[in-house]
Every structure is written in structure tokens, then in C-alpha cells.
>>> print(open('input.txt').read())   # compact mmCIF, C-alpha atoms
# COMPACT_ATOMS: atom_id res chain seq x y z
CA MET A 1 -2.76 21.09 38.15
CA ILE A 2 0.34 21.22 35.95
CA HIS A 3 3.81 20.89 37.52
CA THR A 4 6.42 22.63 35.38
CA ARG A 5 9.39 20.98 37.11
CA ILE A 6 7.98 17.50 36.48
CA ILE A 7 7.22 18.34 32.84
CA ALA A 8 10.73 19.76 32.37
CA GLY A 9 12.24 16.56 33.79
CA LEU A 10 10.12 14.38 31.52
CA ILE A 11 11.07 16.50 28.50
CA ARG A 12 14.77 16.23 29.35
CA LYS A 13 14.45 12.47 29.80
CA GLU A 14 12.63 12.11 26.48
CA PHE A 15 15.24 14.12 24.56
CA ILE A 16 18.03 12.01 26.08
CA GLN A 17 16.21 8.85 25.03
CA ILE A 18 15.59 10.15 21.49
CA PHE A 19 19.13 11.32 20.75
CA ARG A 20 20.72 8.26 22.35
CA ASP A 21 19.15 6.12 19.63
CA ARG A 22 20.79 6.86 16.28
CA LYS A 23 18.08 4.98 14.42
CA MET A 24 15.50 7.32 15.92
CA ILE A 25 17.43 10.34 14.63
CA MET A 26 17.47 8.79 11.16
CA VAL A 27 13.72 8.23 11.30
CA LEU A 28 13.00 11.75 12.53
CA PHE A 29 15.18 13.80 10.21
CA PHE A 30 16.68 11.75 7.39
CA ILE A 31 13.65 9.76 6.21
CA PRO A 32 11.32 12.79 5.75
CA ILE A 33 13.95 14.56 3.64
CA VAL A 34 14.53 11.43 1.55
CA GLN A 35 10.77 11.09 1.02
CA LEU A 36 10.49 14.73 -0.01
CA VAL A 37 13.37 14.53 -2.48
CA MET A 38 12.36 11.17 -3.97
CA PHE A 39 8.65 11.96 -4.32
CA GLY A 40 9.34 15.54 -5.41
CA LEU A 41 11.48 14.28 -8.28
CA ALA A 42 9.46 11.18 -9.15
CA LEU A 43 5.84 12.28 -8.74
CA THR A 44 4.77 14.46 -11.63
CA SER A 45 1.54 14.89 -13.54
CA GLU A 46 3.42 15.93 -16.66
CA VAL A 47 3.32 13.40 -19.48
CA LYS A 48 6.75 13.09 -21.11
CA ASN A 49 8.81 10.67 -23.20
CA ILE A 50 5.93 9.98 -25.58
CA LYS A 51 6.82 7.76 -28.54
CA LEU A 52 5.10 9.28 -31.57
CA MET A 53 5.14 7.94 -35.13
CA VAL A 54 3.94 10.04 -38.07
CA LEU A 55 2.87 7.85 -41.00
CA GLY A 56 2.05 9.15 -44.44
CA LYS A 57 3.50 10.69 -47.59
CA PRO A 58 6.52 12.86 -46.67
CA SER A 59 5.68 16.56 -46.82
CA ALA A 60 6.45 19.91 -45.20
CA ILE A 61 3.55 19.47 -42.77
CA SER A 62 4.57 15.97 -41.65
CA ARG A 63 8.14 17.14 -41.07
CA GLU A 64 6.98 20.20 -39.11
CA ILE A 65 4.72 18.04 -36.91
CA GLN A 66 7.72 15.88 -36.05
CA THR A 67 9.95 18.90 -35.41
CA ARG A 68 7.42 20.65 -33.16
CA ALA A 69 6.70 17.45 -31.23
CA VAL A 70 10.37 16.90 -30.36
CA ALA A 71 10.95 20.60 -29.62
CA SER A 72 8.06 20.66 -27.12
CA GLY A 73 9.97 18.36 -24.77
CA TRP A 74 7.01 16.01 -24.36
CA PHE A 75 8.04 13.55 -27.06
CA GLU A 76 11.05 11.36 -27.62
CA PRO A 77 13.12 11.94 -30.78
CA ILE A 78 11.11 10.41 -33.59
CA LYS A 79 12.65 7.49 -35.47
CA LEU A 80 11.73 7.56 -39.14
CA LEU A 81 10.59 4.31 -40.72
CA ASP A 82 11.76 3.09 -44.09
CA ASN A 83 8.30 1.72 -44.78
CA ALA A 84 6.35 4.67 -43.39
CA ASN A 85 3.68 4.39 -46.08
CA THR A 86 2.97 0.69 -45.52
CA ALA A 87 3.69 0.23 -41.79
CA ASP A 88 0.86 -1.17 -39.68
CA PRO A 89 0.04 1.43 -36.96
CA VAL A 90 -1.67 -1.15 -34.71
CA ASN A 91 1.44 -3.34 -34.84
CA LEU A 92 3.58 -0.34 -33.86
CA LEU A 93 1.41 0.11 -30.76
CA ASN A 94 1.39 -3.61 -29.95
CA THR A 95 5.17 -3.89 -30.16
CA ARG A 96 5.58 -0.67 -28.10
CA ARG A 97 7.63 0.96 -30.83
CA ALA A 98 5.11 3.79 -30.58
CA GLU A 99 2.68 5.09 -27.98
CA ALA A 100 0.78 7.23 -30.48
CA VAL A 101 0.59 7.00 -34.27
CA LEU A 102 -0.60 9.87 -36.46
CA VAL A 103 -1.74 8.50 -39.83
CA ALA A 104 -2.38 10.66 -42.87
CA PRO A 105 -4.60 9.50 -45.76
CA PRO A 106 -2.77 8.17 -48.85
CA GLU A 107 -2.96 11.63 -50.47
CA GLY A 108 -1.02 13.21 -47.57
CA PHE A 109 -1.61 15.75 -44.82
CA GLU A 110 -2.06 18.71 -47.19
CA TYR A 111 -4.92 16.98 -49.00
CA ALA A 112 -6.64 16.07 -45.71
CA LEU A 113 -6.35 19.62 -44.34
CA GLU A 114 -7.43 21.33 -47.53
CA ARG A 115 -10.32 19.09 -48.60
CA GLN A 116 -11.32 17.86 -45.12
CA ASP A 117 -13.21 14.93 -46.63
CA LYS A 118 -10.67 12.35 -45.45
CA PRO A 119 -9.72 12.33 -41.76
CA ILE A 120 -6.27 12.31 -40.21
CA GLN A 121 -6.27 9.31 -37.88
CA LEU A 122 -4.67 9.31 -34.45
CA LEU A 123 -4.16 5.97 -32.67
CA ILE A 124 -3.15 6.06 -28.99
CA ASN A 125 -2.26 3.30 -26.55
CA ALA A 126 -4.82 3.94 -23.78
CA THR A 127 -3.82 1.26 -21.27
CA ASN A 128 -3.16 4.31 -19.05
CA ALA A 129 -6.34 6.33 -19.67
CA GLN A 130 -5.16 9.55 -18.00
CA ARG A 131 -1.89 9.58 -19.91
CA ALA A 132 -3.74 8.83 -23.17
CA GLN A 133 -6.00 11.87 -22.67
CA GLN A 134 -3.02 14.18 -22.26
CA VAL A 135 -1.22 12.65 -25.25
CA ASN A 136 -4.35 13.29 -27.31
CA GLN A 137 -4.41 16.93 -26.20
CA TYR A 138 -0.70 17.44 -26.93
CA ILE A 139 -0.89 16.02 -30.46
CA SER A 140 -4.13 17.87 -31.22
CA GLN A 141 -2.53 21.17 -30.18
CA ILE A 142 0.56 20.53 -32.30
CA LEU A 143 -1.52 19.58 -35.34
CA ALA A 144 -3.75 22.66 -34.93
CA ARG A 145 -0.75 25.01 -34.72
CA VAL A 146 0.95 23.45 -37.74
CA ALA A 147 -2.29 23.65 -39.73
CA ALA A 148 -2.82 27.30 -38.73
CA ARG A 149 0.72 28.21 -39.77
CA HIS A 150 0.05 26.76 -43.22
CA GLY A 151 -3.27 28.60 -43.56
CA TYR A 152 -5.69 25.85 -42.54
CA ASN A 153 -8.26 26.26 -39.77
CA LEU A 154 -9.24 23.03 -38.01
CA ASN A 155 -11.82 24.65 -35.75
CA GLY A 156 -13.81 26.61 -38.31
CA PRO A 157 -14.57 30.35 -38.29
CA SER A 158 -14.87 32.01 -34.89
CA ASN A 159 -15.12 35.61 -33.66
CA VAL A 160 -14.00 34.75 -30.13
CA MET A 161 -10.45 35.59 -29.09
CA LEU A 162 -9.26 33.68 -26.02
CA ASP A 163 -6.56 35.33 -23.90
CA THR A 164 -5.37 32.73 -21.39
CA ARG A 165 -3.49 33.71 -18.23
CA ILE A 166 -2.25 31.09 -15.77
CA LEU A 167 -2.11 32.33 -12.19
CA PHE A 168 -0.15 31.15 -9.11
CA ASN A 169 1.89 28.56 -11.08
CA PRO A 170 2.58 30.11 -14.51
CA GLN A 171 5.19 27.52 -15.49
CA LEU A 172 2.82 24.68 -14.49
CA ASN A 173 5.59 23.09 -12.41
CA THR A 174 4.38 19.92 -10.72
CA VAL A 175 7.08 20.28 -8.05
CA ASP A 176 5.61 23.58 -6.83
CA PHE A 177 2.26 21.85 -6.39
CA MET A 178 3.54 18.60 -4.89
CA VAL A 179 6.21 19.76 -2.41
CA PRO A 180 3.76 21.41 0.07
CA ALA A 181 1.63 18.24 0.06
CA LEU A 182 4.65 15.95 0.44
CA LEU A 183 5.84 18.10 3.35
CA VAL A 184 2.51 17.54 5.11
CA MET A 185 2.45 13.82 4.35
CA ALA A 186 6.03 13.02 5.41
CA SER A 187 6.00 15.06 8.64
CA PHE A 188 2.59 13.72 9.69
CA ILE A 189 3.66 10.11 9.12
CA VAL A 190 6.88 10.45 11.12
CA LEU A 191 5.37 12.36 14.04
CA MET A 192 2.36 10.12 14.38
CA ILE A 193 4.18 6.79 14.18
CA VAL A 194 7.19 7.76 16.31
CA CYS A 195 5.22 9.48 19.08
CA SER A 196 2.59 6.72 19.38
CA MET A 197 5.31 4.05 19.53
CA ALA A 198 7.29 6.03 22.13
CA ILE A 199 4.30 6.19 24.49
CA THR A 200 3.33 2.55 24.02
CA LYS A 201 6.96 1.59 24.64
CA GLU A 202 6.56 3.00 28.16
CA LYS A 203 3.56 0.69 28.61
CA GLU A 204 5.47 -2.32 27.29
CA THR A 205 8.49 -1.80 29.54
CA GLY A 206 6.34 -1.08 32.60
CA THR A 207 7.64 2.46 33.18
CA MET A 208 4.21 3.97 32.49
CA GLU A 209 2.87 2.47 35.73
CA LYS A 210 5.78 4.05 37.60
CA LEU A 211 4.97 7.43 36.05
CA ILE A 212 1.31 7.09 37.01
CA SER A 213 2.15 6.18 40.59
CA SER A 214 4.46 9.22 40.85
CA PRO A 215 3.23 12.70 41.85
CA ALA A 216 2.92 13.55 38.14
CA THR A 217 -0.61 14.17 36.90
CA THR A 218 -2.06 12.88 33.63
CA ALA A 219 -1.50 16.29 32.02
CA ASP A 220 2.14 16.31 33.21
CA ILE A 221 2.79 12.89 31.65
CA LEU A 222 1.12 13.70 28.33
CA LEU A 223 2.80 17.10 28.01
CA GLY A 224 6.19 15.71 29.03
CA LYS A 225 5.91 12.94 26.40
CA THR A 226 4.55 15.05 23.52
CA ILE A 227 6.31 18.43 23.85
CA PRO A 228 9.72 17.00 22.74
CA TYR A 229 8.12 15.53 19.61
CA PHE A 230 6.23 18.77 19.04
CA MET A 231 9.51 20.70 19.07
CA LEU A 232 11.10 18.12 16.78
CA GLY A 233 8.05 18.30 14.52
CA ILE A 234 8.48 22.05 14.09
CA GLY A 235 12.14 21.41 13.27
CA ILE A 236 11.22 18.75 10.70
CA VAL A 237 8.68 21.03 8.99
CA THR A 238 11.21 23.89 8.93
CA LEU A 239 13.93 21.66 7.48
CA MET A 240 11.61 20.31 4.79
CA LEU A 241 10.46 23.82 3.88
CA CYS A 242 14.09 24.89 3.46
CA VAL A 243 14.75 21.89 1.21
CA GLY A 244 11.67 22.73 -0.87
CA ILE A 245 12.41 26.45 -1.18
CA PHE A 246 16.17 26.33 -1.67
CA GLY A 247 16.56 22.83 -3.11
CA PHE A 248 13.55 22.59 -5.44
CA LYS A 249 13.27 26.38 -5.96
CA ILE A 250 9.53 26.35 -5.40
CA ALA A 251 7.77 29.67 -5.93
CA TYR A 252 7.34 30.75 -2.30
CA ARG A 253 4.98 33.74 -1.94
CA GLY A 254 3.67 33.53 1.63
CA THR A 255 4.83 34.85 5.00
CA VAL A 256 6.92 33.10 7.63
CA TRP A 257 4.38 33.57 10.44
CA GLN A 258 1.67 31.85 8.38
CA LEU A 259 3.97 28.89 7.72
CA ALA A 260 4.85 28.74 11.42
CA LEU A 261 1.22 28.75 12.55
CA ASN A 262 0.15 26.15 10.02
CA GLY A 263 3.15 23.94 10.84
CA THR A 264 2.28 24.25 14.55
CA ALA A 265 -1.33 23.20 13.93
CA LEU A 266 -0.17 20.28 11.76
CA ALA A 267 2.25 19.02 14.44
CA ALA A 268 -0.41 19.43 17.15
CA CYS A 269 -2.91 17.36 15.13
CA ALA A 270 -0.37 14.61 14.44
CA LEU A 271 0.72 14.36 18.07
CA SER A 272 -2.82 14.50 19.45
CA LEU A 273 -3.85 11.69 17.16
CA ALA A 274 -0.70 9.72 18.08
CA THR A 275 -1.47 10.15 21.80
CA LEU A 276 -5.07 9.01 21.32
CA LEU A 277 -3.84 5.99 19.38
CA SER A 278 -1.29 5.13 22.08
CA THR A 279 -4.02 5.09 24.75
CA ILE A 280 -5.83 2.40 22.74
CA ALA A 281 -2.82 0.28 21.66
CA LYS A 282 -1.06 -1.94 24.19
CA THR A 283 2.12 -2.65 22.21
CA GLN A 284 4.36 -0.79 19.77
CA GLN A 285 3.29 -3.17 17.00
CA GLN A 286 -0.37 -2.34 17.60
CA ALA A 287 0.45 1.38 17.59
CA MET A 288 2.30 1.09 14.29
CA MET A 289 -0.47 -0.93 12.65
CA GLY A 290 -3.11 1.45 13.95
CA GLY A 291 -1.17 4.38 12.52
CA ILE A 292 -0.94 2.68 9.13
CA LEU A 293 -4.68 1.95 9.16
CA PHE A 294 -5.32 5.68 9.54
CA LEU A 295 -2.56 6.95 7.28
CA LEU A 296 -3.40 4.95 4.16
CA PRO A 297 -6.95 6.30 3.71
CA GLY A 298 -5.88 9.63 5.24
CA ILE A 299 -3.27 10.24 2.54
CA LEU A 300 -5.47 9.01 -0.32
CA LEU A 301 -8.39 11.20 0.82
CA SER A 302 -6.36 14.34 1.49
CA GLY A 303 -5.83 15.77 -1.98
CA VAL A 304 -2.09 15.07 -1.89
CA PHE A 305 -2.03 13.05 -5.11
CA PHE A 306 -5.33 13.94 -6.81
CA PRO A 307 -8.06 16.55 -6.24
CA VAL A 308 -10.70 15.94 -3.59
CA ALA A 309 -13.33 16.91 -6.19
CA ASN A 310 -12.43 13.74 -8.13
CA ILE A 311 -13.34 11.51 -5.17
CA PRO A 312 -16.84 9.97 -5.39
CA ALA A 313 -19.44 11.76 -3.27
CA VAL A 314 -20.01 8.58 -1.23
CA PHE A 315 -16.50 8.91 0.27
CA ARG A 316 -15.90 12.65 -0.13
CA TRP A 317 -17.43 13.50 3.24
CA ILE A 318 -14.57 11.61 4.92
CA CYS A 319 -12.12 14.14 3.43
CA TYR A 320 -13.68 16.93 5.49
CA LEU A 321 -12.84 15.03 8.70
CA ASN A 322 -9.21 14.61 7.60
CA PRO A 323 -6.66 17.05 9.11
CA LEU A 324 -4.19 16.20 6.32
CA MET A 325 -6.50 17.80 3.75
CA TYR A 326 -6.70 21.15 5.58
CA ALA A 327 -2.95 21.24 6.27
CA CYS A 328 -2.23 20.46 2.62
CA LEU A 329 -4.68 23.12 1.35
CA ASN A 330 -3.23 25.73 3.69
CA PHE A 331 0.41 25.09 2.79
CA ARG A 332 -0.49 25.34 -0.92
CA ASN A 333 -2.45 28.51 -0.20
CA ILE A 334 0.53 30.05 1.60
CA ILE A 335 3.31 28.92 -0.73
CA LEU A 336 1.61 29.27 -4.13
CA LYS A 337 -1.04 31.96 -3.61
CA GLY A 338 0.65 34.16 -1.01
CA GLY A 339 -1.58 33.11 1.89
CA ASP A 340 -5.08 34.49 1.29
CA TYR A 341 -6.10 35.52 4.82
CA ARG A 342 -9.69 34.31 4.62
CA LEU A 343 -8.65 30.82 3.53
CA PHE A 344 -5.66 30.77 5.87
CA TRP A 345 -7.67 31.48 9.01
CA LEU A 346 -10.45 29.10 7.94
CA TYR A 347 -8.07 26.15 7.47
CA PHE A 348 -6.01 27.06 10.54
CA CYS A 349 -9.08 27.27 12.79
CA ILE A 350 -10.35 23.91 11.53
CA LEU A 351 -6.94 22.32 12.19
CA GLY A 352 -6.79 23.94 15.62
CA CYS A 353 -10.27 22.68 16.55
CA MET A 354 -9.35 19.17 15.38
CA ALA A 355 -6.14 19.25 17.44
CA CYS A 356 -8.03 20.39 20.56
CA LEU A 357 -10.72 17.74 20.11
CA LEU A 358 -8.17 14.96 19.58
CA ALA A 359 -6.06 16.15 22.53
CA PHE A 360 -9.12 16.24 24.82
CA SER A 361 -10.14 12.75 23.69
CA ALA A 362 -6.61 11.46 24.31
CA TYR A 363 -6.57 13.03 27.79
CA LYS A 364 -9.92 11.52 28.78
CA ASN A 365 -9.07 8.10 27.35
CA PHE A 366 -5.62 8.07 28.98
CA LYS A 367 -7.13 8.94 32.33
CA ALA A 368 -9.82 6.31 32.03
CA LYS A 369 -7.51 3.53 30.81
CA LEU A 370 -4.38 4.03 32.91
CA ASN A 371 -5.36 6.00 36.01
>>> encode(input="input.txt", output="C-alpha cells")
Amino acid sequence: MIHTRIIAGLIRKEFIQIFRDRKMIMVLFFIPIVQLVMFGLALTSEVKNIKLMVLGKPSAISREIQTRAVASGWFEPIKLLDNANTADPVNLLNTRRAEAVLVAPPEGFEYALERQDKPIQLLINATNAQRAQQVNQYISQILARVAARHGYNLNGPSNVMLDTRILFNPQLNTVDFMVPALLVMASFIVLMIVCSMAITKEKETGTMEKLISSPATTADILLGKTIPYFMLGIGIVTLMLCVGIFGFKIAYRGTVWQLALNGTALAACALSLATLLSTIAKTQQQAMMGGILFLLPGILLSGVFFPVANIPAVFRWICYLNPLMYACLNFRNIILKGGDYRLFWLYFCILGCMACLLAFSAYKNFKAKLN
């Protein structure tokens, strides 16, 4: 049986305890926003500030390659070398004066493009393999466009015309893709750590035994401890969404009720997991360490930073047990794609089932351990 008066008293007591501690307010509201802003500005899959050197006999093509590279915004302004014809490209890469070096044959770019019997060499520093692949693509595209403008075809004759259209994120903005995932990550971390530590604090100080010996039932105690953090969690998600939409100008296409439902399911999963963790941990330190042990693989296997499809099949099955992955997919579906209903309800139902299962497990474990 649930006693509403007892739950209301526990909620009031929990809010007083939260807002009395200024550090707790900083953790709940300030840190998630800082994480969102810092990661939103710093984390990007775009490769920029590439140092490119073009070596070879000066010509119209070499100058246009340099001009197009700088105008694209991907490359740093190119510094011309006095000894461009005799400079050692490998030494330029070793001394970090260049990240990529485009080397024409002694006869020049025009000769190489017209005769095609002597290659144009591209040397790239591949200590970062992913960045090197994108640098290769950028330079290849620039060279192909310059060659086509001067009447040379690098790809040979073809009757296929490719009309490319980019949907959902036409400008290919990394921020639009990352902000929904960062929202999920930051709010989940804060809710899980803070709630689990708040419950274990009651065990450390001995007040949990007093609550158990009171007329309050197990359900009353758990609801009274988690509802305040659930309400704060909804506020954190709302605040972070406002920062993303109005601060980062992300292309929001979904509906408010879909965001509200998905945010509710996310908060419920985080708090259910935090409650289950707090029934196992005996101290706040154990609760914090247990949360970190879950969060590190949870974030890496959620698709926040790289696609789940890139994860080896041996570990990929773990992703489908991870609530962070479904929350992340659903926020991206709502914000970027407009909230496809089939995908929305699928992800929401999975999150809801996970929250119910975790909440039931926490209830049973709490009752067994403390009652």
C-alpha cells in the first residue's frame, strides 16, 4: 500500500536537503550545461586546419589547387616554399611543417594530367588513421574538380550521372548530431550518480534504518527518494534541450510531447538503475565507483561518439542491453528526423520496459536487503 502523505513528506524533506547544499545544485544544473557546451564545441568529426604543401613547377593548376584548398575552410593558409622544386616531402611531414604533401612530377601538373603516364604523388601523415582518410578524400576531391575545370577527366568516361541529396542534416553539422547524444550522456551521469549517492548516504548516516522502522513501506521510501530527482531530471533535460536549440541552433524538427516522453523514460531508467545500485552499495564511495563502472562501457557502447555498427560483433550485443543507446537514437530521431512514429514508439517502449525491469529489481533487492 502506498501512503501519499508519507511520500509527500519524504519528497519535501529531500528537496530541502538538495537545495540546502549549494554544491549539489552546481552538480545538478551547472555541470551538465558545462559538459554540453564544452563537448558540443570541442567534439567534432570534421577534419580542419590541415597543413597542405603543393610541390612542383608553378602553374595555373598548382595555384588553383592551393586557392581551392584554402577557400574550402578545411586547410590552413598555405605557406609557399622558396625551394618548392627541391624540398624533401618526407622531411616536411617529419618536421610537422605539413600534414599532407601533393607532389607533381618534374614536368608539372599539366603534363601529369594530360599524359597520365607519370603519377601525382600524395603523401599524408597517417599517425591518426581516421583523419588521414578524410584528408585523402578532401585533396582527391579538390584535385578532381581542378582537373575537370581544365578539361581533364581523372575518372575516365562514364555515362552515370550522380545526383546526391543529403537528408536530415544537409549542412553536415557535427553539433546537430552530437548535442542530442551529449544531452543523454550528461543527464544520465548526473542523475545516476547523485541519486545513488543520496540513498546510500541515508544508509551511512543511519537514517535509513529509522525510515524502515517507521510506518512507511518500501514503495513509500523508494518513491519519496526518487521522485524529487525524477522531477529535477526532467528539468535538467529541458534546460539542456533549450541550450541546444537556442544556443547551438540545432535543427529541431520533432514535437514537444515526443521529447517529453523520451526524457521521462530516460530519467526513469537512470533513477531505476541508481536505486538498484544503491541497494547493493553500502557507502557513497561504493555507489560512485559502481556508477563509474557502468557508465564507462555504457557511454562507449551507446553510439554517442561512434556508430554501433563499427563495434565488433563480439561486443555489439551488449549495446542492445544499454538504455543509453535507445535514448540517444530516439533523441536523434526526434530532433533530426522529425520523430518517425514507428522508431519513436519502438525505442520508447524498449526504454520503458528497461525502466520497469530495473525498478522492479531495485524494489525486490531493497526489500530483501534492508527490510
>>> closest_residue(input="input.txt", among="A:Gly303, A:Thr275, A:Ile335, A:Leu261", to="Ile245 in chain A", atoms="all atoms listed in the file")
A:Ile335
>>> closest_residue(input="input.txt", among="A:Asn310, A:Ser140, A:Thr226, A:Gln258", to="Val194 in chain A", atoms="all atoms listed in the file")
A:Thr226
>>> atom_distance(input="input.txt", atom1="CA of Gln133 in chain A", atom2="CA of Leu182 in chain A")
25.8 Å
>>> axis_aligned_box(input="input.txt", around="range 312-317 of chain A", padding_each_side="4 Å", output="lines of an AutoDock Vina configuration file")
center_x = -18.0
center_y = 11.0
center_z = -1.1
size_x = 12.1
size_y = 12.9
size_z = 16.6
>>> residues_around(input="input.txt", residues="range 349-359 of chain A", least_positions_apart="3", cutoff="6 Å", atoms="all atoms listed in the file", output="list in words")
Ala265, Ala268, Cys269, Ser272, Leu273, Trp345, Leu346 and Ala362 of chain A
>>> residues_around(input="input.txt", residues="range 29-45 of chain A", least_positions_apart="3", cutoff="7 Å", atoms="all atoms listed in the file", output="ChimeraX atom specification")
/A:25-26,174-175,178-179,182-183,186-187,236,240
>>> residues_around(input="input.txt", residues="Ser72 in chain A", least_positions_apart="6", cutoff="10 Å", atoms="all atoms listed in the file", output="list in words")
Lys48, Tyr138 and Ile142 of chain A
>>> atom_distance(input="input.txt", atom1="CA of Asn330 in chain A", atom2="CA of Val184 in chain A")
10.1 Å
>>> atom_distance(input="input.txt", atom1="CA of Ile318 in chain A", atom2="CA of Ile299 in chain A")
11.6 Å
>>> residues_around(input="input.txt", residues="Arg12 in chain A", least_positions_apart="6", cutoff="10 Å", atoms="only C-alpha atoms", output="PyMOL selection string")
chain A and resi 6+18+224-225+228
>>> residues_around(input="input.txt", residues="Ile234 in chain A", least_positions_apart="6", cutoff="7 Å", atoms="all atoms listed in the file", output="short mmCIF file (atom, residue, chain, number, x, y, z; two decimals) with C-alpha atoms, keeping the file's coordinate frame")
data_model
loop_
_atom_site.label_atom_id
_atom_site.label_comp_id
_atom_site.auth_asym_id
_atom_site.auth_seq_id
_atom_site.Cartn_x
_atom_site.Cartn_y
_atom_site.Cartn_z
CA GLY A 263 3.15 23.94 10.84
CA THR A 264 2.28 24.25 14.55
CA ALA A 267 2.25 19.02 14.44
#
>>> closest_residue(input="input.txt", among="A:Pro180, A:Pro307, A:Gly206, A:Gly290", to="Ile250 in chain A", atoms="all atoms listed in the file")
A:Pro180
>>> residues_near_point(input="input.txt", point="(1.1, 5.8, -27.0)", cutoff="8 Å", atoms="all atoms listed in the file", output="PyMOL selection string")
chain A and resi 50-52+93+96+98-101+123-126+132+135
>>> write_last_selection(input="input.txt", atoms="C-alpha atoms", output="PDB file, keeping the file's coordinate frame")
ATOM      1  CA  ILE A  50       5.930   9.980 -25.580  1.00  0.00           C
ATOM      2  CA  LYS A  51       6.820   7.760 -28.540  1.00  0.00           C
ATOM      3  CA  LEU A  52       5.100   9.280 -31.570  1.00  0.00           C
ATOM      4  CA  LEU A  93       1.410   0.110 -30.760  1.00  0.00           C
ATOM      5  CA  ARG A  96       5.580  -0.670 -28.100  1.00  0.00           C
ATOM      6  CA  ALA A  98       5.110   3.790 -30.580  1.00  0.00           C
ATOM      7  CA  GLU A  99       2.680   5.090 -27.980  1.00  0.00           C
ATOM      8  CA  ALA A 100       0.780   7.230 -30.480  1.00  0.00           C
ATOM      9  CA  VAL A 101       0.590   7.000 -34.270  1.00  0.00           C
ATOM     10  CA  LEU A 123      -4.160   5.970 -32.670  1.00  0.00           C
ATOM     11  CA  ILE A 124      -3.150   6.060 -28.990  1.00  0.00           C
ATOM     12  CA  ASN A 125      -2.260   3.300 -26.550  1.00  0.00           C
ATOM     13  CA  ALA A 126      -4.820   3.940 -23.780  1.00  0.00           C
ATOM     14  CA  ALA A 132      -3.740   8.830 -23.170  1.00  0.00           C
ATOM     15  CA  VAL A 135      -1.220  12.650 -25.250  1.00  0.00           C
TER      16      VAL A 135
END
>>> closest_residue(input="input.txt", among="A:Phe305, A:Ile120, A:Asn94, A:Ala8", to="Ser62 in chain A", atoms="only C-alpha atoms")
A:Ile120
>>> closest_residue(input="input.txt", among="A:Ala60, A:Leu277, A:Leu259, A:Cys319", to="Asn365 in chain A", atoms="only C-alpha atoms")
A:Leu277
>>> decode(input="input.txt", residues="range 304-320 of chain A", atoms="N, CA and C atoms", output="short mmCIF file (atom, residue, chain, number, x, y, z; two decimals), in the first residue's frame")
data_model
loop_
_atom_site.label_atom_id
_atom_site.label_comp_id
_atom_site.auth_asym_id
_atom_site.auth_seq_id
_atom_site.Cartn_x
_atom_site.Cartn_y
_atom_site.Cartn_z
N VAL A 304 27.19 7.19 -28.83
CA VAL A 304 27.35 8.62 -28.60
C VAL A 304 28.49 9.18 -29.43
N PHE A 305 29.63 8.49 -29.44
CA PHE A 305 30.82 9.02 -30.10
C PHE A 305 31.10 8.35 -31.45
N PHE A 306 30.70 7.11 -31.63
CA PHE A 306 30.90 6.45 -32.92
C PHE A 306 29.77 5.44 -33.12
N PRO A 307 29.47 5.08 -34.37
CA PRO A 307 28.31 4.23 -34.65
C PRO A 307 28.43 2.85 -34.00
N VAL A 308 27.28 2.33 -33.59
CA VAL A 308 27.24 0.99 -33.01
C VAL A 308 27.67 -0.05 -34.04
N ALA A 309 27.40 0.21 -35.33
CA ALA A 309 27.78 -0.73 -36.39
C ALA A 309 29.29 -0.92 -36.47
N ASN A 310 30.06 0.05 -35.97
CA ASN A 310 31.53 -0.07 -36.00
C ASN A 310 32.07 -0.94 -34.88
N ILE A 311 31.24 -1.25 -33.89
CA ILE A 311 31.69 -2.05 -32.75
C ILE A 311 31.77 -3.51 -33.17
N PRO A 312 32.84 -4.23 -32.81
CA PRO A 312 32.95 -5.64 -33.17
C PRO A 312 31.74 -6.45 -32.71
N ALA A 313 31.37 -7.46 -33.50
CA ALA A 313 30.18 -8.25 -33.20
C ALA A 313 30.26 -8.95 -31.85
N VAL A 314 31.49 -9.21 -31.38
CA VAL A 314 31.66 -9.89 -30.09
C VAL A 314 31.07 -9.07 -28.95
N PHE A 315 31.17 -7.71 -29.06
CA PHE A 315 30.69 -6.82 -28.01
C PHE A 315 29.39 -6.11 -28.39
N ARG A 316 28.98 -6.22 -29.64
CA ARG A 316 27.83 -5.42 -30.10
C ARG A 316 26.54 -5.80 -29.38
N TRP A 317 26.42 -7.06 -28.98
CA TRP A 317 25.18 -7.48 -28.31
C TRP A 317 24.96 -6.73 -27.00
N ILE A 318 26.06 -6.27 -26.36
CA ILE A 318 25.92 -5.51 -25.12
C ILE A 318 25.19 -4.19 -25.38
N CYS A 319 25.39 -3.63 -26.56
CA CYS A 319 24.76 -2.34 -26.89
C CYS A 319 23.24 -2.43 -26.80
N TYR A 320 22.69 -3.59 -27.16
CA TYR A 320 21.23 -3.74 -27.18
C TYR A 320 20.64 -3.94 -25.79
#
